[in-house]
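Engineer: Right, I'll just put the structure down here and ask away after.
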Amino acid sequence: MHEELDLDTTQAEPELLWVVDQRVSRPGSTPPPRKLHLIYRLHISEETRARLATEEHDELEDGSHEVGIIEWVDHRKAGDLPIFPPIGPAVASLETPHATASSVALPAVTDENYTWV
């Protein structure tokens, strides 16, 4: 959260929503890692949101930077977003932003159900 948004979460109370097991091969020569993604929910006020970063700068191999625009969207639209791990449908299925998740474990991400873009 700090790297992407410049958000200090030390005074927040994150809530663990989901766990996603990643067992998927990645493109290139890097050996496939096995990762366990812990997905947390953190509610922030409009006042705090107004102070957050609006751009993300990723350094490229040539030393230049790619600029990404940070956009806030309604959680119900998350199912259509290219999010990894692929939690968009789970986020979109929540009745409200404060709703309880029906299950902590989401389906594992494997070579059988995920293709890198």
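Letters A, B, ... mark the chains of the structure tokens in the order given; residue numbers begin at 1 per chain; ligand numbers begin at 1, in order shown.
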Could you give me, as a list of chain:residue names, the residues within 10 Å of Trp116 (chain A), counting only C-alpha atoms and dropping anything in the same chain fewer than 4 positions from it?
Structural biologist: A:Val24, A:Ser25, A:Arg26, A:Pro27, A:Phe84, A:Asp111
Engineer: Please return as a ChimeraX atom specification: the residues of chain A that backbone DSSP assigns to strand (DSSP E).
Structural biologist: /A:15-23,34-41,55-59,65-69,109-110
Engineer: Between CA of Ala50 (chain A) and CA of Ile83 (chain A), measure the distance and give it in Å to one decimal.
Structural biologist: 23.0 Å
Engineer: Using DSSP on the backbone, list every residue of chain A that comes out as alpha helix (DSSP H), and give them as a list in words.
Structural biologist: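 Output for chain A, alpha helix (DSSP H) only: His2, Glu3, Glu4, Leu5, Glu46, Glu47, Thr48, Arg49, Ala50, Gly88, Pro89, Ala90, Val91, Ala92 and Ser93 of chain A.
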Engineer: Now that the selection is made, can you save its residues with N, CA, C and O atoms as an mmCIF file, in the first residue's frame?
Structural biologist:
```cif
data_model
loop_
_atom_site.group_PDB
_atom_site.id
_atom_site.type_symbol
_atom_site.label_atom_id
_atom_site.label_comp_id
_atom_site.auth_asym_id
_atom_site.auth_seq_id
_atom_site.Cartn_x
_atom_site.Cartn_y
_atom_site.Cartn_z
ATOM 1 N N HIS A 2 1.997 1.172 0.712
ATOM 2 C CA HIS A 2 2.866 2.342 0.742
ATOM 3 C C HIS A 2 3.528 2.559 -0.614
ATOM 4 O O HIS A 2 3.592 3.684 -1.105
ATOM 5 N N GLU A 3 4.011 1.485 -1.215
ATOM 6 C CA GLU A 3 4.699 1.603 -2.500
ATOM 7 C C GLU A 3 3.769 2.116 -3.596
ATOM 8 O O GLU A 3 4.143 2.981 -4.380
ATOM 9 N N GLU A 4 2.570 1.588 -3.670
ATOM 10 C CA GLU A 4 1.657 1.939 -4.761
ATOM 11 C C GLU A 4 0.912 3.246 -4.532
ATOM 12 O O GLU A 4 0.698 4.009 -5.471
ATOM 13 N N LEU A 5 0.490 3.490 -3.284
ATOM 14 C CA LEU A 5 -0.394 4.632 -3.021
ATOM 15 C C LEU A 5 0.190 5.681 -2.096
ATOM 16 O O LEU A 5 -0.426 6.713 -1.877
ATOM 17 N N GLU A 46 -12.639 9.326 2.722
ATOM 18 C CA GLU A 46 -12.496 10.164 1.526
ATOM 19 C C GLU A 46 -11.366 11.177 1.727
ATOM 20 O O GLU A 46 -10.636 11.485 0.795
ATOM 21 N N GLU A 47 -11.220 11.678 2.942
ATOM 22 C CA GLU A 47 -10.152 12.640 3.254
ATOM 23 C C GLU A 47 -8.781 12.004 3.037
ATOM 24 O O GLU A 47 -7.890 12.597 2.437
ATOM 25 N N THR A 48 -8.604 10.778 3.507
ATOM 26 C CA THR A 48 -7.342 10.063 3.313
ATOM 27 C C THR A 48 -7.127 9.770 1.840
ATOM 28 O O THR A 48 -6.031 9.952 1.317
ATOM 29 N N ARG A 49 -8.173 9.335 1.152
ATOM 30 C CA ARG A 49 -8.060 9.010 -0.270
ATOM 31 C C ARG A 49 -7.587 10.220 -1.066
ATOM 32 O O ARG A 49 -6.792 10.087 -1.995
ATOM 33 N N ALA A 50 -8.052 11.402 -0.702
ATOM 34 C CA ALA A 50 -7.682 12.624 -1.420
ATOM 35 C C ALA A 50 -6.191 12.929 -1.304
ATOM 36 O O ALA A 50 -5.626 13.621 -2.154
ATOM 37 N N GLY A 88 -10.905 -10.374 -8.824
ATOM 38 C CA GLY A 88 -11.947 -9.444 -9.240
ATOM 39 C C GLY A 88 -13.362 -9.975 -9.069
ATOM 40 O O GLY A 88 -14.212 -9.286 -8.486
ATOM 41 N N PRO A 89 -13.670 -11.190 -9.549
ATOM 42 C CA PRO A 89 -15.021 -11.712 -9.380
ATOM 43 C C PRO A 89 -15.428 -11.847 -7.902
ATOM 44 O O PRO A 89 -16.576 -11.594 -7.547
ATOM 45 N N ALA A 90 -14.499 -12.221 -7.034
ATOM 46 C CA ALA A 90 -14.813 -12.342 -5.608
ATOM 47 C C ALA A 90 -15.117 -10.970 -5.009
ATOM 48 O O ALA A 90 -16.063 -10.814 -4.231
ATOM 49 N N VAL A 91 -14.320 -9.968 -5.376
ATOM 50 C CA VAL A 91 -14.564 -8.612 -4.884
ATOM 51 C C VAL A 91 -15.923 -8.125 -5.385
ATOM 52 O O VAL A 91 -16.731 -7.581 -4.626
ATOM 53 N N ALA A 92 -16.182 -8.312 -6.673
ATOM 54 C CA ALA A 92 -17.434 -7.847 -7.273
ATOM 55 C C ALA A 92 -18.656 -8.538 -6.668
ATOM 56 O O ALA A 92 -19.748 -7.978 -6.667
ATOM 57 N N SER A 93 -18.479 -9.745 -6.159
ATOM 58 C CA SER A 93 -19.621 -10.485 -5.610
ATOM 59 C C SER A 93 -20.022 -10.027 -4.213
ATOM 60 O O SER A 93 -21.088 -10.408 -3.725
#
```
Engineer: So, counting only C-alpha atoms, which residue among A:Val67, A:Leu94, A:Leu60, A:Leu7 is closest to Gly79 (chain A)?
Structural biologist: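 So, comparing all the options, the nearest one is A:Leu94.
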Engineer: A:Ile69, A:Ala53, A:Val117, A:Val104: which is nearest Leu38 (chain A), counting only C-alpha atoms?
Structural biologist: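 Closest to Leu38 (chain A), using only C-alpha atoms: A:Val104.
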Engineer: For Asn113 (chain A), which residue out of A:Ala12, A:Asp80, A:His43, A:Arg23 is the nearest one, using only C-alpha atoms?
Structural biologist: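 Closest candidate: A:Arg23.
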Engineer: Distance CA of Thr110 (chain A)-CA of Trp18 (chain A), one decimal place?
Structural biologist: 16.7 Å
Engineer: Which one is closest to Ala101 (chain A): A:Gln11, A:Glu61, A:Tyr40, A:Gly28? Count only C-alpha atoms.
Structural biologist: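 Between A:Gln11, A:Glu61, A:Tyr40, A:Gly28, the residue approaching Ala101 (chain A) most closely is A:Tyr40.
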Engineer: For the atom pair CA of Ser64 (chain A) and CA of Pro86 (chain A), what is the interatomic distance in Å to one decimal place?
Structural biologist: 28.6 Å
Engineer: Name the residues in contact with Leu36 (chain A) at a cut-off of 9 Å, using only C-alpha atoms, excluding same-chain residues fewer than 2 positions from it; report them as a list in words.
Structural biologist: Val19, Val20, Asp21, Gln22, Arg23, Arg34 and Leu38 of chain A
Engineer: Create the file for the chosen residues now, containing N, CA and C atoms and written as a compact mmCIF listing (two decimals), in the first residue's frame.
Structural biologist:
```
# COMPACT_ATOMS: atom_id res chain seq x y z
N VAL A 19 -7.47 -15.98 0.94
CA VAL A 19 -6.16 -16.58 0.72
C VAL A 19 -6.22 -17.25 -0.65
N VAL A 20 -5.18 -17.00 -1.48
CA VAL A 20 -5.11 -17.59 -2.81
C VAL A 20 -3.77 -18.29 -2.96
N ASP A 21 -3.80 -19.57 -3.26
CA ASP A 21 -2.59 -20.36 -3.50
C ASP A 21 -2.23 -20.23 -4.98
N GLN A 22 -1.01 -19.80 -5.26
CA GLN A 22 -0.56 -19.63 -6.65
C GLN A 22 0.42 -20.73 -6.99
N ARG A 23 0.06 -21.56 -7.97
CA ARG A 23 0.94 -22.62 -8.46
C ARG A 23 0.93 -22.53 -9.98
N ARG A 34 5.94 -20.80 -6.05
CA ARG A 34 4.66 -21.10 -5.41
C ARG A 34 4.47 -20.01 -4.37
N LEU A 38 -2.18 -13.32 0.45
CA LEU A 38 -3.11 -12.95 1.51
C LEU A 38 -3.77 -11.64 1.09
```
Engineer: Which is closer to Ile44 (chain A) than all the others in A:Met1, A:Leu106, A:Leu81, A:Ala99, using only C-alpha atoms?
Structural biologist: A:Met1
